[in-house]
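File shown: protein05.pdb. Contents: PDB, C-alpha atoms and all ligand atoms.
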```
ATOM      1  CA  MET A   1      -7.916  -3.438  61.065
ATOM      2  CA  ALA A   2      -8.597   0.292  60.663
ATOM      3  CA  LEU A   3      -6.889   2.116  57.803
ATOM      4  CA  LYS A   4      -6.505   5.319  59.825
ATOM      5  CA  ASN A   5      -4.846   5.787  63.211
ATOM      6  CA  THR A   6      -7.023   5.597  66.303
ATOM      7  CA  ASN A   7      -6.448   6.760  69.878
ATOM      8  CA  ASN A   8      -4.704   3.547  70.837
ATOM      9  CA  SER A   9      -3.072   2.241  67.632
ATOM     10  CA  TYR A  10      -1.511   3.194  64.312
ATOM     11  CA  GLY A  11      -3.748   2.290  61.353
ATOM     12  CA  SER A  12      -2.691  -0.236  58.717
ATOM     13  CA  ILE A  13      -1.529   2.430  56.229
ATOM     14  CA  ALA A  14       0.804   4.109  58.767
ATOM     15  CA  LYS A  15       2.142   0.657  59.746
ATOM     16  CA  TRP A  16       2.802  -0.381  56.142
ATOM     17  CA  ILE A  17       4.579   2.880  55.409
ATOM     18  CA  HIS A  18       6.643   2.641  58.628
ATOM     19  CA  TRP A  19       7.854  -0.915  57.992
ATOM     20  CA  THR A  20       8.361  -0.349  54.242
ATOM     21  CA  ILE A  21      10.691   2.564  54.988
ATOM     22  CA  ALA A  22      12.522   0.515  57.637
ATOM     23  CA  LEU A  23      13.061  -2.225  55.003
ATOM     24  CA  LEU A  24      14.192   0.310  52.393
ATOM     25  CA  PHE A  25      16.781   1.687  54.850
ATOM     26  CA  LEU A  26      18.080  -1.820  55.386
ATOM     27  CA  CYS A  27      18.300  -2.465  51.614
ATOM     28  CA  SER A  28      20.009   0.877  50.994
ATOM     29  CA  TYR A  29      22.617   0.136  53.690
ATOM     30  CA  CYS A  30      23.163  -3.437  52.466
ATOM     31  CA  ALA A  31      23.771  -2.193  48.899
ATOM     32  CA  VAL A  32      26.323   0.453  49.866
ATOM     33  CA  TYR A  33      28.208  -1.792  52.295
ATOM     34  CA  TYR A  34      28.169  -4.693  49.819
ATOM     35  CA  ARG A  35      29.793  -2.260  47.364
ATOM     36  CA  HIS A  36      32.466  -1.258  49.894
ATOM     37  CA  TRP A  37      33.259  -4.681  51.305
ATOM     38  CA  PHE A  38      32.663  -7.193  48.530
ATOM     39  CA  THR A  39      33.274  -5.536  45.152
ATOM     40  CA  GLU A  40      36.268  -4.184  43.257
ATOM     41  CA  GLU A  41      36.281  -0.626  41.892
ATOM     42  CA  LYS A  42      35.031  -0.228  38.299
ATOM     43  CA  THR A  43      33.447  -3.704  38.044
ATOM     44  CA  PRO A  44      29.803  -4.259  36.948
ATOM     45  CA  GLU A  45      28.945  -5.486  40.493
ATOM     46  CA  ASN A  46      30.380  -2.293  41.994
ATOM     47  CA  TRP A  47      28.231  -0.169  39.674
ATOM     48  CA  LEU A  48      25.122  -2.309  40.280
ATOM     49  CA  ALA A  49      25.498  -2.024  44.061
ATOM     50  CA  LEU A  50      25.862   1.772  43.790
ATOM     51  CA  GLN A  51      22.812   1.996  41.532
ATOM     52  CA  LEU A  52      20.775  -0.094  43.983
ATOM     53  CA  HIS A  53      21.831   2.239  46.813
ATOM     54  CA  LEU A  54      20.695   5.262  44.785
ATOM     55  CA  SER A  55      17.416   3.589  43.736
ATOM     56  CA  PHE A  56      16.469   2.510  47.278
ATOM     57  CA  GLY A  57      17.387   5.986  48.568
ATOM     58  CA  ILE A  58      15.227   7.744  45.992
ATOM     59  CA  THR A  59      12.345   5.370  46.781
ATOM     60  CA  ILE A  60      12.643   6.438  50.439
ATOM     61  CA  ALA A  61      12.299  10.079  49.325
ATOM     62  CA  ALA A  62       9.086   9.272  47.436
ATOM     63  CA  VAL A  63       7.550   7.184  50.244
ATOM     64  CA  VAL A  64       8.402   9.755  52.926
ATOM     65  CA  VAL A  65       6.386  12.392  51.046
ATOM     66  CA  LEU A  66       3.334  10.065  51.238
ATOM     67  CA  ARG A  67       4.146   9.387  54.882
ATOM     68  CA  ILE A  68       4.181  13.080  55.810
ATOM     69  CA  ILE A  69       0.901  13.711  53.968
ATOM     70  CA  TRP A  70      -0.747  10.700  55.644
ATOM     71  CA  ARG A  71       0.583  11.708  59.070
ATOM     72  CA  ASN A  72      -1.001  15.133  58.692
ATOM     73  CA  LEU A  73      -4.363  13.637  57.739
ATOM     74  CA  ASN A  74      -4.358  11.431  60.856
ATOM     75  CA  GLN A  75      -4.418  11.718  64.593
ATOM     76  CA  THR A  76      -1.330  10.463  66.466
ATOM     77  CA  PRO A  77      -2.134   7.581  68.862
ATOM     78  CA  ASP A  78      -1.911   8.485  72.559
ATOM     79  CA  GLN A  79       1.443   7.865  74.197
ATOM     80  CA  GLU A  80       1.761   5.164  76.838
ATOM     81  CA  PRO A  81       1.998   6.381  80.441
ATOM     82  CA  GLY A  82       5.474   7.719  81.219
ATOM     83  CA  THR A  83       7.356  10.769  82.428
ATOM     84  CA  LYS A  84       7.133  14.101  80.631
ATOM     85  CA  ARG A  85      10.836  13.792  79.817
ATOM     86  CA  ALA A  86      10.377  10.352  78.206
ATOM     87  CA  HIS A  87       7.488  11.667  76.079
ATOM     88  CA  LEU A  88       9.574  14.646  75.008
ATOM     89  CA  ALA A  89      12.506  12.365  74.083
ATOM     90  CA  ALA A  90      10.196  10.139  71.984
ATOM     91  CA  HIS A  91       8.770  13.216  70.241
ATOM     92  CA  PHE A  92      12.224  14.624  69.528
ATOM     93  CA  GLY A  93      13.429  11.192  68.304
ATOM     94  CA  HIS A  94      10.531  10.914  65.839
ATOM     95  CA  TYR A  95      11.219  14.388  64.423
ATOM     96  CA  ALA A  96      14.924  13.534  64.115
ATOM     97  CA  LEU A  97      13.994  10.369  62.179
ATOM     98  CA  TYR A  98      11.866  12.458  59.802
ATOM     99  CA  ALA A  99      14.856  14.790  59.321
ATOM    100  CA  VAL A 100      16.991  11.733  58.435
ATOM    101  CA  MET A 101      14.368  10.417  55.990
ATOM    102  CA  ILE A 102      14.412  13.793  54.182
ATOM    103  CA  LEU A 103      18.066  14.841  54.455
ATOM    104  CA  MET A 104      19.702  11.521  53.483
ATOM    105  CA  PRO A 105      18.022  11.170  50.071
ATOM    106  CA  LEU A 106      18.373  14.918  49.465
ATOM    107  CA  THR A 107      22.106  15.137  50.233
ATOM    108  CA  GLY A 108      22.663  11.799  48.458
ATOM    109  CA  TYR A 109      20.983  13.069  45.299
ATOM    110  CA  ILE A 110      22.506  16.553  45.114
ATOM    111  CA  GLY A 111      25.996  15.263  45.979
ATOM    112  CA  THR A 112      26.103  12.453  43.385
ATOM    113  CA  GLY A 113      27.793  12.994  40.018
ATOM    114  CA  VAL A 114      26.048  10.156  38.138
ATOM    115  CA  ASN A 115      22.508   9.578  36.879
ATOM    116  CA  THR A 116      20.344   7.116  38.789
ATOM    117  CA  GLU A 117      19.324   4.102  36.714
ATOM    118  CA  PHE A 118      16.194   3.612  38.804
ATOM    119  CA  PHE A 119      16.034  -0.197  39.274
ATOM    120  CA  ASN A 120      17.010  -0.381  35.577
ATOM    121  CA  LEU A 121      13.554   0.948  34.653
ATOM    122  CA  PHE A 122      14.329   4.574  33.713
ATOM    123  CA  ASP A 123      17.028   7.181  34.287
ATOM    124  CA  ILE A 124      16.823  10.060  36.766
ATOM    125  CA  ALA A 125      19.117  12.905  35.735
ATOM    126  CA  LYS A 126      21.872  13.838  38.191
ATOM    127  CA  PHE A 127      21.456  17.183  39.976
ATOM    128  CA  GLU A 128      24.492  18.591  38.124
ATOM    129  CA  SER A 129      22.656  18.427  34.796
ATOM    130  CA  THR A 130      19.500  20.244  35.956
ATOM    131  CA  SER A 131      18.764  23.927  35.335
ATOM    132  CA  LEU A 132      18.303  24.415  39.106
ATOM    133  CA  TYR A 133      21.949  23.370  39.595
ATOM    134  CA  GLN A 134      23.080  25.807  36.894
ATOM    135  CA  SER A 135      21.302  28.791  38.394
ATOM    136  CA  LEU A 136      21.905  27.935  42.063
ATOM    137  CA  VAL A 137      25.378  26.422  42.197
ATOM    138  CA  THR A 138      27.150  27.686  39.077
ATOM    139  CA  ASN A 139      25.669  31.169  38.694
ATOM    140  CA  TRP A 140      24.657  32.137  42.240
ATOM    141  CA  MET A 141      27.262  30.341  44.403
ATOM    142  CA  GLY A 142      29.994  30.367  41.716
ATOM    143  CA  LEU A 143      31.163  26.831  42.666
ATOM    144  CA  SER A 144      32.395  23.893  40.577
ATOM    145  CA  PHE A 145      30.681  20.532  41.179
ATOM    146  CA  GLU A 146      33.733  19.264  43.121
ATOM    147  CA  GLU A 147      33.663  22.274  45.469
ATOM    148  CA  PHE A 148      29.907  21.955  45.962
ATOM    149  CA  GLU A 149      29.937  18.179  46.422
ATOM    150  CA  GLU A 150      32.728  17.923  49.015
ATOM    151  CA  PRO A 151      30.889  19.212  52.160
ATOM    152  CA  ILE A 152      27.648  17.531  51.083
ATOM    153  CA  ASP A 153      29.379  14.181  50.659
ATOM    154  CA  PHE A 154      31.055  14.614  54.024
ATOM    155  CA  PHE A 155      27.675  15.203  55.656
ATOM    156  CA  HIS A 156      25.958  12.296  53.811
ATOM    157  CA  LYS A 157      28.681   9.706  54.350
ATOM    158  CA  GLU A 158      30.876  10.626  57.290
ATOM    159  CA  ILE A 159      28.526  12.457  59.678
ATOM    160  CA  MET A 160      25.137  10.950  58.917
ATOM    161  CA  GLY A 161      25.611   7.638  57.054
ATOM    162  CA  LYS A 162      28.391   6.248  59.256
ATOM    163  CA  TRP A 163      27.228   7.582  62.635
ATOM    164  CA  ALA A 164      24.145   9.682  63.217
ATOM    165  CA  VAL A 165      21.681   7.522  61.277
ATOM    166  CA  TRP A 166      22.861   4.324  62.989
ATOM    167  CA  ILE A 167      22.690   5.905  66.439
ATOM    168  CA  LEU A 168      19.187   7.253  65.842
ATOM    169  CA  ILE A 169      17.735   4.086  64.320
ATOM    170  CA  LEU A 170      19.352   1.735  66.846
ATOM    171  CA  GLY A 171      18.306   4.041  69.708
ATOM    172  CA  HIS A 172      14.756   4.085  68.324
ATOM    173  CA  ALA A 173      14.582   0.285  67.915
ATOM    174  CA  MET A 174      16.075  -0.262  71.384
ATOM    175  CA  ALA A 175      13.542   2.131  72.933
ATOM    176  CA  ALA A 176      10.747   0.116  71.256
ATOM    177  CA  MET A 177      12.201  -3.133  72.690
ATOM    178  CA  TYR A 178      12.600  -1.556  76.144
ATOM    179  CA  HIS A 179       8.912  -0.628  76.132
ATOM    180  CA  HIS A 180       7.915  -4.092  74.967
ATOM    181  CA  ILE A 181      10.162  -6.234  77.159
ATOM    182  CA  VAL A 182      10.785  -4.151  80.280
ATOM    183  CA  LYS A 183       7.786  -1.830  80.573
ATOM    184  CA  LYS A 184       5.463  -4.351  78.878
ATOM    185  CA  ASP A 185       3.297  -1.575  77.422
ATOM    186  CA  ARG A 186       1.594  -1.204  74.006
ATOM    187  CA  THR A 187       4.249   0.957  72.287
ATOM    188  CA  LEU A 188       5.488  -1.784  69.915
ATOM    189  CA  ILE A 189       2.063  -3.414  69.583
ATOM    190  CA  LYS A 190       0.625  -0.078  68.354
ATOM    191  CA  MET A 191       3.000  -0.287  65.366
ATOM    192  CA  THR A 192       2.596  -4.047  64.766
ATOM    193  CA  SER A 193      -0.527  -6.027  65.550
ATOM    194  CA  GLY A 194      -2.400  -3.686  67.885
TER
HETATM  195  C1  LIG B 201      17.826   7.306  53.306
HETATM  196  C2  LIG B 201      18.581   7.142  52.268
HETATM  197  C3  LIG B 201      20.078   6.958  52.302
HETATM  198  C4  LIG B 201      20.913   6.480  53.284
HETATM  199  C5  LIG B 201      20.544   5.958  54.672
HETATM  200  C6  LIG B 201      22.256   6.546  52.765
HETATM  201  C7  LIG B 201      23.402   6.128  53.445
HETATM  202  C8  LIG B 201      24.664   6.072  52.894
HETATM  203  C9  LIG B 201      25.809   5.451  53.511
HETATM  204  C10 LIG B 201      25.816   4.763  54.857
HETATM  205  C11 LIG B 201      26.847   5.580  52.657
HETATM  206  C12 LIG B 201      28.274   5.012  52.843
HETATM  207  C13 LIG B 201      29.099   5.807  53.776
HETATM  208  C14 LIG B 201      30.478   5.194  53.860
HETATM  209  O1  LIG B 201      31.335   5.568  53.051
HETATM  210  O2  LIG B 201      30.683   4.336  54.730
HETATM  211  C15 LIG B 201      26.380   6.274  51.485
HETATM  212  C16 LIG B 201      27.152   6.559  50.384
HETATM  213  C17 LIG B 201      26.668   7.124  49.240
HETATM  214  N1  LIG B 201      25.376   7.527  49.000
HETATM  215 FE1  LIG B 201      23.803   7.316  50.241
HETATM  216  N2  LIG B 201      22.222   7.059  51.486
HETATM  217  C18 LIG B 201      20.900   7.319  51.170
HETATM  218  C19 LIG B 201      20.407   7.824  49.975
HETATM  219  C20 LIG B 201      21.185   8.166  48.880
HETATM  220  C21 LIG B 201      20.668   8.698  47.636
HETATM  221  C22 LIG B 201      19.182   8.975  47.337
HETATM  222  C23 LIG B 201      21.741   8.890  46.834
HETATM  223  C24 LIG B 201      21.794   9.425  45.433
HETATM  224  C25 LIG B 201      20.776   9.497  44.572
HETATM  225  C26 LIG B 201      22.927   8.470  47.553
HETATM  226  C27 LIG B 201      24.217   8.508  47.069
HETATM  227  C28 LIG B 201      25.328   8.016  47.718
HETATM  228  C29 LIG B 201      26.638   7.909  47.091
HETATM  229  C30 LIG B 201      27.034   8.306  45.690
HETATM  230  C31 LIG B 201      27.477   7.350  48.051
HETATM  231  C32 LIG B 201      28.964   6.981  47.884
HETATM  232  C33 LIG B 201      28.990   5.530  47.513
HETATM  233  C34 LIG B 201      30.266   4.830  47.942
HETATM  234  O3  LIG B 201      31.148   5.453  48.491
HETATM  235  O4  LIG B 201      30.315   3.613  47.726
HETATM  236  N3  LIG B 201      22.544   8.028  48.804
HETATM  237  N4  LIG B 201      25.041   6.567  51.658
HETATM  238  C1  LIG B 202      13.767  -2.424  63.835
HETATM  239  C2  LIG B 202      13.437  -1.209  63.498
HETATM  240  C3  LIG B 202      12.293  -0.391  64.073
HETATM  241  C4  LIG B 202      11.451  -0.631  65.130
HETATM  242  C5  LIG B 202      11.428  -1.838  66.076
HETATM  243  C6  LIG B 202      10.542   0.495  65.213
HETATM  244  C7  LIG B 202       9.489   0.620  66.110
HETATM  245  C8  LIG B 202       8.624   1.691  66.190
HETATM  246  C9  LIG B 202       7.512   1.798  67.118
HETATM  247  C10 LIG B 202       7.150   0.751  68.160
HETATM  248  C11 LIG B 202       6.912   2.992  66.915
HETATM  249  C12 LIG B 202       5.707   3.577  67.696
HETATM  250  C13 LIG B 202       6.254   4.456  68.774
HETATM  251  C14 LIG B 202       5.254   5.375  69.440
HETATM  252  O1  LIG B 202       4.170   5.605  68.904
HETATM  253  O2  LIG B 202       5.598   5.911  70.495
HETATM  254  C15 LIG B 202       7.634   3.660  65.863
HETATM  255  C16 LIG B 202       7.330   4.914  65.374
HETATM  256  C17 LIG B 202       8.098   5.598  64.472
HETATM  257  N1  LIG B 202       9.184   5.086  63.777
HETATM  258 FE1  LIG B 202      10.002   3.255  63.989
HETATM  259  N2  LIG B 202      10.869   1.396  64.229
HETATM  260  C18 LIG B 202      11.931   0.890  63.515
HETATM  261  C19 LIG B 202      12.557   1.486  62.441
HETATM  262  C20 LIG B 202      12.325   2.777  62.034
HETATM  263  C21 LIG B 202      13.057   3.450  60.975
HETATM  264  C22 LIG B 202      14.186   2.823  60.133
HETATM  265  C23 LIG B 202      12.542   4.718  60.882
HETATM  266  C24 LIG B 202      12.951   5.834  59.948
HETATM  267  C25 LIG B 202      14.155   6.109  59.596
HETATM  268  C26 LIG B 202      11.478   4.844  61.867
HETATM  269  C27 LIG B 202      10.739   5.984  62.094
HETATM  270  C28 LIG B 202       9.678   6.098  62.967
HETATM  271  C29 LIG B 202       8.873   7.302  63.157
HETATM  272  C30 LIG B 202       9.101   8.651  62.470
HETATM  273  C31 LIG B 202       7.888   6.986  64.095
HETATM  274  C32 LIG B 202       6.782   7.909  64.640
HETATM  275  C33 LIG B 202       5.455   7.555  64.060
HETATM  276  C34 LIG B 202       5.232   8.105  62.690
HETATM  277  O3  LIG B 202       5.254   9.326  62.499
HETATM  278  O4  LIG B 202       5.085   7.276  61.753
HETATM  279  N3  LIG B 202      11.373   3.641  62.545
HETATM  280  N4  LIG B 202       8.662   2.847  65.428
END
```
Show me the file's structure as structure tokens.
Amino acid sequence: MALKNTNNSYGSIAKWIHWTIALLFLCSYCAVYYRHWFTEEKTPENWLALQLHLSFGITIAAVVVLRIIWRNLNQTPDQEPGTKRAHLAAHFGHYALYAVMILMPLTGYIGTGVNTEFFNLFDIAKFESTSLYQSLVTNWMGLSFEEFEEPIDFFHKEIMGKWAVWILILGHAMAAMYHHIVKKDRTLIKMTSG
């Protein structure tokens, strides 16, 4: 199997990165919902689940940087036959997914008031204790952490985490299934075995 993308399929590196990020999203969601549904506030399990959410989220940020670099070094496989509108929708959907992969870790990190104990290996300092925070938020914007965090948290949790990300990912997965089952074209195969 080719490492790089070809005209009619994604290469193995693009496939690995795609499915690794999909798995990391699943793990990040499982951790945060496990925390909400199955743990009590201020217990070790509650803290562990939060830390796993932060660690998976930060891993997504690192892998998406590699993904963007690799995407720019590669051709994009040709789209399957379809209407101009369907191609445009797929294009727009892919860009929206990239926006999610960048904005979710970013808003998660800058809006969190605790350090990340990255899979218990090392600590990543919270944004609030960086010099960038001091110059940008404290000196330039003149905001306290609570004032700064509130709209960012609202965006991360209420707008994106609870709704927009689900809609986009489910819409994307359903479109892939529609191509595979109804249109019987190579869209899904290009990202799996093709
Ligand atoms: C792509 C990555 C991420 C996704 C999809 C994501 C998604 C979510 C979701 C769905 C929630 C729960 C919303 C609710 O209250 O129902 C949440 C909460 C939260 N996220 Fe993220 N997040 C990501 C990355 C991050 C990162 C990198 C950090 C910080 C380093 C972070 C920090 C938080 C915090 C502190 C909460 C509140 C936890 C709680 O209320 O239990 N997130 N996130
Ligand atoms: C069950 C889950 C998923 C399925 C079945 C799936 C399936 C696919 C398929 C078949 C393609 C190729 C489409 C084409 O070339 O027209 C694709 C591409 C893509 N997928 Fe997914 N996907 C899933 C999850 C995700 C997740 C969680 C993300 C990111 C949040 C994502 C982001 C992308 C992006 C950005 C592309 C465009 C190609 C690229 O730039 O790498 N997918 N996906």
Extract, using all atoms listed in the file, all DNA, RNA and protein residues at most 6 Å from Tyr10 of chain A, discarding same-chain residues fewer than 3 positions from it, and format them as a ChimeraX atom specification. /A:5,190-191
Nearest to ligand LIG 202 (chain B), chosen from A:Leu168, A:Ile124, A:Ala31, A:Met1, with only C-alpha atoms and all ligand atoms counted in the distances: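 Counting only C-alpha atoms and all ligand atoms, the residue closest to ligand LIG 202 (chain B) is A:Leu168.
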Tell me which residues the PyMOL selection byres (((chain A and resi 125-136) around 8) and not hetatm) grabs here, as a list in words.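 Written out, the selection comes to Tyr109, Ile110, Gly111, Thr112, Gly113, Val114, Asn115, Thr116, Asp123, Ile124, Val137, Thr138, Asn139, Trp140, Met141 and Phe145 of chain A.
The gap separating atom CA of Ser9 of chain A from atom CA of Met101 of chain A is 22.5 Å, in Å to one decimal.
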Care to translate the PyMOL selection byres (((not hetatm)) within 8 of (chain B and resi 201)) into actual residues of this file, as a PyMOL selection string? chain A and resi 24-25+28-29+32-33+35-36+50+53-61+100-116+126+153+156-158+160-162+165
Let me see the file: selected residues, C-alpha atoms, as a PDB file, in the frame of the given file.
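That gives us again-v1.pdb:
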```pdb
ATOM      1  CA  LEU A  24      14.192   0.310  52.393  1.00  0.00           C
ATOM      2  CA  PHE A  25      16.781   1.687  54.850  1.00  0.00           C
ATOM      3  CA  SER A  28      20.009   0.877  50.994  1.00  0.00           C
ATOM      4  CA  TYR A  29      22.617   0.136  53.690  1.00  0.00           C
ATOM      5  CA  VAL A  32      26.323   0.453  49.866  1.00  0.00           C
ATOM      6  CA  TYR A  33      28.208  -1.792  52.295  1.00  0.00           C
ATOM      7  CA  ARG A  35      29.793  -2.260  47.364  1.00  0.00           C
ATOM      8  CA  HIS A  36      32.466  -1.258  49.894  1.00  0.00           C
ATOM      9  CA  LEU A  50      25.862   1.772  43.790  1.00  0.00           C
ATOM     10  CA  HIS A  53      21.831   2.239  46.813  1.00  0.00           C
ATOM     11  CA  LEU A  54      20.695   5.262  44.785  1.00  0.00           C
ATOM     12  CA  SER A  55      17.416   3.589  43.736  1.00  0.00           C
ATOM     13  CA  PHE A  56      16.469   2.510  47.278  1.00  0.00           C
ATOM     14  CA  GLY A  57      17.387   5.986  48.568  1.00  0.00           C
ATOM     15  CA  ILE A  58      15.227   7.744  45.992  1.00  0.00           C
ATOM     16  CA  THR A  59      12.345   5.370  46.781  1.00  0.00           C
ATOM     17  CA  ILE A  60      12.643   6.438  50.439  1.00  0.00           C
ATOM     18  CA  ALA A  61      12.299  10.079  49.325  1.00  0.00           C
ATOM     19  CA  VAL A 100      16.991  11.733  58.435  1.00  0.00           C
ATOM     20  CA  MET A 101      14.368  10.417  55.990  1.00  0.00           C
ATOM     21  CA  ILE A 102      14.412  13.793  54.182  1.00  0.00           C
ATOM     22  CA  LEU A 103      18.066  14.841  54.455  1.00  0.00           C
ATOM     23  CA  MET A 104      19.702  11.521  53.483  1.00  0.00           C
ATOM     24  CA  PRO A 105      18.022  11.170  50.071  1.00  0.00           C
ATOM     25  CA  LEU A 106      18.373  14.918  49.465  1.00  0.00           C
ATOM     26  CA  THR A 107      22.106  15.137  50.233  1.00  0.00           C
ATOM     27  CA  GLY A 108      22.663  11.799  48.458  1.00  0.00           C
ATOM     28  CA  TYR A 109      20.983  13.069  45.299  1.00  0.00           C
ATOM     29  CA  ILE A 110      22.506  16.553  45.114  1.00  0.00           C
ATOM     30  CA  GLY A 111      25.996  15.263  45.979  1.00  0.00           C
ATOM     31  CA  THR A 112      26.103  12.453  43.385  1.00  0.00           C
ATOM     32  CA  GLY A 113      27.793  12.994  40.018  1.00  0.00           C
ATOM     33  CA  VAL A 114      26.048  10.156  38.138  1.00  0.00           C
ATOM     34  CA  ASN A 115      22.508   9.578  36.879  1.00  0.00           C
ATOM     35  CA  THR A 116      20.344   7.116  38.789  1.00  0.00           C
ATOM     36  CA  LYS A 126      21.872  13.838  38.191  1.00  0.00           C
ATOM     37  CA  ASP A 153      29.379  14.181  50.659  1.00  0.00           C
ATOM     38  CA  HIS A 156      25.958  12.296  53.811  1.00  0.00           C
ATOM     39  CA  LYS A 157      28.681   9.706  54.350  1.00  0.00           C
ATOM     40  CA  GLU A 158      30.876  10.626  57.290  1.00  0.00           C
ATOM     41  CA  MET A 160      25.137  10.950  58.917  1.00  0.00           C
ATOM     42  CA  GLY A 161      25.611   7.638  57.054  1.00  0.00           C
ATOM     43  CA  LYS A 162      28.391   6.248  59.256  1.00  0.00           C
ATOM     44  CA  VAL A 165      21.681   7.522  61.277  1.00  0.00           C
TER      45      VAL A 165
END
```
Within 7 Å of ligand LIG 202 (chain B) (counting all atoms listed in the file), which residues show up? I'd like them as a VMD selection string. chain A and resid 14 18 to 19 21 to 22 25 71 77 79 90 94 to 95 97 to 98 100 to 101 169 172 to 173 176 to 177 187 to 191
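Reported to one decimal place, the separation of atom CA of Phe155 of chain A from atom CA of Ile17 of chain A is 26.2 Å.
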Give me the residues near Ala2 of chain A as an mmCIF file with C-alpha atoms, in the coordinates of the input, where near means some atom within 9 Å (using all atoms listed in the file) and where sequence neighbours in that chain fewer than 4 positions away do not count.
```cif
data_model
loop_
_atom_site.group_PDB
_atom_site.id
_atom_site.type_symbol
_atom_site.label_atom_id
_atom_site.label_comp_id
_atom_site.auth_asym_id
_atom_site.auth_seq_id
_atom_site.Cartn_x
_atom_site.Cartn_y
_atom_site.Cartn_z
ATOM 1 C CA THR A 6 -7.023 5.597 66.303
ATOM 2 C CA TYR A 10 -1.511 3.194 64.312
ATOM 3 C CA GLY A 11 -3.748 2.290 61.353
ATOM 4 C CA SER A 12 -2.691 -0.236 58.717
ATOM 5 C CA ILE A 13 -1.529 2.430 56.229
#
```
Quick check, in Å to one decimal: how far apart do atom CA of Lys184 of chain A and atom CA of Thr76 of chain A lie? 20.5 Å
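Distances from A:Asn46, A:Gln51, A:Thr83, A:Asn72 to Lys4 of chain A were compared using all atoms listed in the file, and the smallest one belongs to A:Asn72.
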Selected residue, from A:Ile159, A:Val63, A:Leu121, A:Ala164, that lies nearest to Leu23 of chain A when counting all atoms listed in the file: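 Of the candidates, the smallest distance to Leu23 of chain A is held by A:Val63.
Restricting the calculation to only C-alpha atoms, the smallest distance between Asp185 of chain A and any of A:Arg67, A:Trp16, A:Gly82, A:Phe38 is found for A:Gly82.
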When you get a chance, write out N, CA, C and O atoms for segment 91-102 of chain A, as a CSV table (one decimal), in the coordinates of the input.
```csv
chain,number,residue,atom,x,y,z
A,91,HIS,N,9.2,12.2,71.2
A,91,HIS,CA,8.8,13.2,70.2
A,91,HIS,C,10.0,13.7,69.4
A,91,HIS,O,9.9,13.8,68.2
A,92,PHE,N,11.0,14.1,70.2
A,92,PHE,CA,12.2,14.6,69.5
A,92,PHE,C,12.8,13.6,68.6
A,92,PHE,O,13.2,13.8,67.5
A,93,GLY,N,12.9,12.3,69.1
A,93,GLY,CA,13.4,11.2,68.3
A,93,GLY,C,12.7,11.0,67.0
A,93,GLY,O,13.3,10.8,65.9
A,94,HIS,N,11.3,11.1,67.1
A,94,HIS,CA,10.5,10.9,65.8
A,94,HIS,C,10.8,12.0,64.8
A,94,HIS,O,10.9,11.8,63.6
A,95,TYR,N,10.9,13.3,65.3
A,95,TYR,CA,11.2,14.4,64.4
A,95,TYR,C,12.6,14.2,63.8
A,95,TYR,O,12.8,14.5,62.6
A,96,ALA,N,13.6,13.7,64.6
A,96,ALA,CA,14.9,13.5,64.1
A,96,ALA,C,14.9,12.5,63.0
A,96,ALA,O,15.6,12.6,62.0
A,97,LEU,N,14.1,11.4,63.2
A,97,LEU,CA,14.0,10.4,62.2
A,97,LEU,C,13.4,10.9,60.9
A,97,LEU,O,13.8,10.6,59.8
A,98,TYR,N,12.4,11.8,61.0
A,98,TYR,CA,11.9,12.5,59.8
A,98,TYR,C,13.0,13.3,59.1
A,98,TYR,O,13.1,13.3,57.9
A,99,ALA,N,13.8,14.0,59.9
A,99,ALA,CA,14.9,14.8,59.3
A,99,ALA,C,15.8,13.9,58.5
A,99,ALA,O,16.2,14.2,57.4
A,100,VAL,N,16.1,12.7,59.1
A,100,VAL,CA,17.0,11.7,58.4
A,100,VAL,C,16.4,11.2,57.1
A,100,VAL,O,17.0,11.2,56.1
A,101,MET,N,15.0,11.0,57.2
A,101,MET,CA,14.4,10.4,56.0
A,101,MET,C,14.3,11.4,54.9
A,101,MET,O,14.2,11.1,53.7
A,102,ILE,N,14.4,12.7,55.2
A,102,ILE,CA,14.4,13.8,54.2
A,102,ILE,C,15.8,14.1,53.8
A,102,ILE,O,16.2,14.2,52.6
```
